Every structure is written in structure tokens, then in C-alpha cells.
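Only one structure is covered here, and it is reproduced in the block below.
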Amino acid sequence: MSFRVDDLVAAAERIAKAAREAKDELNAQDGRLGDGDLGITLDKGWAEATALEVDDPDLGRYFLALSKAFQRVSSSSFGTLLATGLMAAAKGTKGRNAVEYHEVTDLIAAARDAMMARGKGELGQKSVLDILDALAIATRDLNDPGDIAEAARQAVEVSLETFRNQPAGLGRARMYGEASIGLDDPGMLATRHMVNGLISDNSAP
């Protein structure tokens with residue numbers, strides 16, 4: 001089974017809806033450990049992404065357009081990292097009109113590694129990197145959209161639960177030290193909303 005640009009366009013619409021609905025929650029959570037604008041960043045970025053005119057079947061070029069959309073409207077660290085991850089996906093799908101679902105894990109891993117290099121972060125620091133790592137592991141060897149969706153949903157929840165009671169070690173949140181224990185990392189929470197939006201029709205993209 002494979003997905004194409006049309007599938008990703010529909011997926012972007014679902015993510016944009018989820019980002020819009022979660023804006024206030026994410027702003028509030030980010031206000032506890034950051035600048036308080038994460039919800040705005042996510043909402044603006046995906047709104048820009050869904051406004052793209054798409055007439056090219058090349059998946060790599062579509063992912064590149066998504067990356068540029070976030071670069072245009074967001075200068076925040078999370079927006080920059082997300083744009084970096086999308087750029088990695090663009091490189092991994094360049095020149096291709098279809099991608100098999102079992103390759104999703106490799107695209108997630110590539111995004112994780114690129115974001116890790118850009119943000120100079122490591123796994124285990126209670127950040128978006130950890131939740132992406134969990135998603136890459138959970139979706140490995142899966143080729144059915146429904147199976148991928150369920151694995152992703154579970155991985156997100158387990159990651160949040162695992163890291164919730166640990167101190168933040170990356171980004172602005174790390175400055176809060178012990179005060180960050182018991183709070184979800186805003187970037188991880190944002191990823192939960194994006195994943196849940198993405199799979200809201202009980203399938204992968």
C-alpha cells in the first residue's frame with residue numbers, strides 16, 4: 001500500500017484542524033515552560049500549509065513546500081525544527097509520486113535525526129525528539145494504514161506518560177528544572193495533537 005500527494009494534502013487539512021482546535025491549550029502549556037506562543041506557531045504554520053496550491057505529484061516537492069510554509073510564518077524554535085523535519089522528508093521522497101506505508105518509519109527517523117542535529121538535542125531530554133523516536137520504533141515493519149495509526153496513537157500516549165514526571169533537558173523548558181516535572185513538554189503535546197489529527201479518520205496519511 002502506498003500514499004500520494006493527494007493523501008498528504010488531505011492529511012494536512014486534518015492536522016490544520018487539530019492545530020486550530022488545540023491552539024489555546026498549547027499556548028497555555030507553552031506559557032508554563034516557554035514563550036506561550038506554540039499554539040499560534042502550529043496554527044499559523046498549518047494554515048499556511050493548507051493554503052498551498054498543489055499541482056505537482058512529486059512527494060518530495062510537496063514536503064519541501066510544507067517546510068517552506070513553516071519557514072515563512074514562524075521564526076520560533078519549534079517551527080524551525082518542524083520545517084527541518086519536513087525538509088528531511090522532502091529529501092527522502094524526492095522524485096517519487098508514491099511511497100509505501102512501511103517507509104513511514106524511515107521518514108520519521110530521518111526527521112528525528114535532522115531535528116536532533118539542528119537543535120543540538122539528544123534523546124532522553126523530554127522533547128519532541130523522544131516522541132518522534134517512539135513513533136519511528138512503533139511503526140517499523142507496518143504497512144497497513146490502520147495498524148500504523150493505532151501504533152502511532154499508542155506510542156504518543158506512552159511517550160507522554162513516560163516523560164511527564166522527568167525534568168526537561170532541552171530548549172527553554174530546561175531552565176525550569178524541577179518545576180517542569182509533572183508537566184508535559186509543549187513540543188511533545190503539540191506532536192500528540194498533530195498525530196491525532198493526522199489519524200483522525202483511523203488511517204495513516
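Just so we're on the same page: first chain in the C-alpha cells is A, next is B, and so on; residues restart at 1 for each chain, and ligands are numbered from 1 in the order they show up.
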> DSSP on the backbone: what in segment 38-200 of chain A comes out helix (DSSP H, G or I), as a PyMOL selection string?
Replying inline: chain A and resi 38-50+59-73+77-93+101-119+128-138+145-164+172-180+186-198
Would you mind exporting the chosen residues as an mmCIF file, in the first residue's frame, restricted to C-alpha atoms?
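In the end it all went to part_4.cif:
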```
data_model
loop_
_atom_site.group_PDB
_atom_site.id
_atom_site.type_symbol
_atom_site.label_atom_id
_atom_site.label_comp_id
_atom_site.auth_asym_id
_atom_site.auth_seq_id
_atom_site.Cartn_x
_atom_site.Cartn_y
_atom_site.Cartn_z
ATOM 1 C CA LEU A 38 3.395 27.386 20.485
ATOM 2 C CA GLY A 39 -0.303 27.137 19.652
ATOM 3 C CA ILE A 40 -0.049 30.203 17.450
ATOM 4 C CA THR A 41 3.046 28.791 15.734
ATOM 5 C CA LEU A 42 1.350 25.494 14.959
ATOM 6 C CA ASP A 43 -1.912 27.055 13.846
ATOM 7 C CA LYS A 44 -0.254 29.605 11.536
ATOM 8 C CA GLY A 45 2.113 27.044 10.064
ATOM 9 C CA TRP A 46 -0.537 24.510 9.138
ATOM 10 C CA ALA A 47 -2.924 27.216 7.931
ATOM 11 C CA GLU A 48 -0.183 28.362 5.573
ATOM 12 C CA ALA A 49 0.436 24.756 4.536
ATOM 13 C CA THR A 50 -3.192 24.162 3.620
ATOM 14 C CA LEU A 59 6.045 13.995 -2.900
ATOM 15 C CA GLY A 60 9.463 15.485 -2.300
ATOM 16 C CA ARG A 61 8.424 18.826 -3.717
ATOM 17 C CA TYR A 62 5.260 18.802 -1.626
ATOM 18 C CA PHE A 63 7.182 18.132 1.580
ATOM 19 C CA LEU A 64 9.567 20.920 0.564
ATOM 20 C CA ALA A 65 6.626 23.282 0.079
ATOM 21 C CA LEU A 66 5.346 22.364 3.552
ATOM 22 C CA SER A 67 8.762 23.111 5.024
ATOM 23 C CA LYS A 68 8.890 26.496 3.331
ATOM 24 C CA ALA A 69 5.371 27.274 4.547
ATOM 25 C CA PHE A 70 6.522 26.929 8.148
ATOM 26 C CA GLN A 71 9.662 28.926 7.463
ATOM 27 C CA ARG A 72 7.552 31.789 6.088
ATOM 28 C CA VAL A 73 5.269 32.192 9.063
ATOM 29 C CA SER A 77 12.399 27.165 17.625
ATOM 30 C CA PHE A 78 9.604 24.604 17.262
ATOM 31 C CA GLY A 79 8.562 25.982 13.885
ATOM 32 C CA THR A 80 12.167 25.818 12.720
ATOM 33 C CA LEU A 81 12.542 22.243 13.925
ATOM 34 C CA LEU A 82 9.307 21.195 12.247
ATOM 35 C CA ALA A 83 10.443 22.810 8.999
ATOM 36 C CA THR A 84 13.726 20.892 9.343
ATOM 37 C CA GLY A 85 11.885 17.604 9.770
ATOM 38 C CA LEU A 86 9.735 18.276 6.728
ATOM 39 C CA MET A 87 12.858 19.113 4.747
ATOM 40 C CA ALA A 88 14.297 15.723 5.676
ATOM 41 C CA ALA A 89 11.111 14.062 4.433
ATOM 42 C CA ALA A 90 11.450 16.058 1.197
ATOM 43 C CA LYS A 91 14.941 14.679 0.643
ATOM 44 C CA GLY A 92 13.733 11.145 1.345
ATOM 45 C CA THR A 93 10.886 11.308 -1.173
ATOM 46 C CA TYR A 101 3.426 2.882 4.057
ATOM 47 C CA HIS A 102 6.191 0.738 5.514
ATOM 48 C CA GLU A 103 8.586 3.588 4.668
ATOM 49 C CA VAL A 104 6.829 5.912 7.115
ATOM 50 C CA THR A 105 9.142 4.758 9.895
ATOM 51 C CA ASP A 106 12.214 5.767 7.866
ATOM 52 C CA LEU A 107 10.761 9.203 7.118
ATOM 53 C CA ILE A 108 10.040 9.770 10.807
ATOM 54 C CA ALA A 109 13.541 8.620 11.749
ATOM 55 C CA ALA A 110 15.095 10.928 9.152
ATOM 56 C CA ALA A 111 13.082 13.854 10.502
ATOM 57 C CA ARG A 112 14.125 12.976 14.060
ATOM 58 C CA ASP A 113 17.807 12.853 13.140
ATOM 59 C CA ALA A 114 17.686 16.106 11.177
ATOM 60 C CA MET A 115 15.875 17.870 14.014
ATOM 61 C CA MET A 116 18.326 16.448 16.522
ATOM 62 C CA ALA A 117 21.249 17.835 14.531
ATOM 63 C CA ARG A 118 19.594 21.232 14.006
ATOM 64 C CA GLY A 119 18.541 21.683 17.627
ATOM 65 C CA VAL A 128 9.736 16.278 20.559
ATOM 66 C CA LEU A 129 12.769 14.152 19.639
ATOM 67 C CA ASP A 130 11.709 11.489 22.128
ATOM 68 C CA ILE A 131 8.188 11.232 20.812
ATOM 69 C CA LEU A 132 9.446 11.026 17.210
ATOM 70 C CA ASP A 133 11.824 8.265 18.233
ATOM 71 C CA ALA A 134 8.932 6.360 19.795
ATOM 72 C CA LEU A 135 6.888 6.803 16.628
ATOM 73 C CA ALA A 136 9.722 5.549 14.431
ATOM 74 C CA ILE A 137 10.111 2.454 16.574
ATOM 75 C CA ALA A 138 6.384 1.763 16.915
ATOM 76 C CA PRO A 145 -2.611 2.360 7.476
ATOM 77 C CA GLY A 146 -4.892 1.273 10.303
ATOM 78 C CA ASP A 147 -2.090 -0.586 12.078
ATOM 79 C CA ILE A 148 0.208 2.420 11.691
ATOM 80 C CA ALA A 149 -2.458 4.733 13.096
ATOM 81 C CA GLU A 150 -3.031 2.580 16.165
ATOM 82 C CA ALA A 151 0.694 2.092 16.778
ATOM 83 C CA ALA A 152 1.255 5.836 16.479
ATOM 84 C CA ARG A 153 -1.587 6.651 18.857
ATOM 85 C CA GLN A 154 -0.242 4.287 21.491
ATOM 86 C CA ALA A 155 3.352 5.465 21.069
ATOM 87 C CA VAL A 156 2.342 9.082 21.618
ATOM 88 C CA GLU A 157 0.486 8.334 24.837
ATOM 89 C CA VAL A 158 3.218 6.085 26.229
ATOM 90 C CA SER A 159 5.860 8.713 25.468
ATOM 91 C CA LEU A 160 3.949 11.458 27.228
ATOM 92 C CA GLU A 161 3.366 9.254 30.265
ATOM 93 C CA THR A 162 6.990 8.115 30.337
ATOM 94 C CA PHE A 163 8.489 11.607 30.283
ATOM 95 C CA ARG A 164 5.849 13.576 32.191
ATOM 96 C CA ARG A 172 13.730 26.940 27.126
ATOM 97 C CA ALA A 173 11.906 24.353 29.236
ATOM 98 C CA ARG A 174 15.213 23.096 30.664
ATOM 99 C CA MET A 175 15.560 26.364 32.604
ATOM 100 C CA TYR A 176 12.588 25.366 34.731
ATOM 101 C CA GLY A 177 14.411 22.315 36.073
ATOM 102 C CA GLU A 178 12.465 20.517 38.773
ATOM 103 C CA ALA A 179 9.452 22.745 38.146
ATOM 104 C CA SER A 180 8.969 21.017 34.787
ATOM 105 C CA PRO A 186 4.860 21.520 24.953
ATOM 106 C CA GLY A 187 6.517 20.146 21.805
ATOM 107 C CA MET A 188 5.552 16.603 22.726
ATOM 108 C CA LEU A 189 1.998 17.737 23.402
ATOM 109 C CA ALA A 190 1.900 19.523 20.051
ATOM 110 C CA THR A 191 3.052 16.318 18.359
ATOM 111 C CA ARG A 192 0.236 14.423 20.039
ATOM 112 C CA HIS A 193 -2.304 16.818 18.547
ATOM 113 C CA MET A 194 -0.707 16.595 15.106
ATOM 114 C CA VAL A 195 -0.640 12.790 15.188
ATOM 115 C CA ASN A 196 -4.208 12.542 16.448
ATOM 116 C CA GLY A 197 -5.330 14.971 13.761
ATOM 117 C CA LEU A 198 -3.442 13.045 11.129
#
```
>> Between atom CA of Arg14 of chain A and atom CA of Ser127 of chain A, what is the distance in Å, rounded to a tenth?
In response: 23.4 Å
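Considering the residues A:Val99, A:Asp58, A:Gly124, A:Gln29 and counting only C-alpha atoms, Met1 of chain A has its shortest atom-to-atom contact with A:Val99.
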>> Please compute the atom CA of Asp35 of chain A-atom CA of Gly121 of chain A distance, one decimal, in Å.
In response: 19.0 Å
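Proximity ranking of A:Leu52, A:Arg32, A:Ala22, A:Asp37 relative to Val9 of chain A places A:Leu52 first, based on only C-alpha atoms.
Note that atom CA of Asn27 of chain A and atom CA of Ser75 of chain A are 15.8 Å apart.
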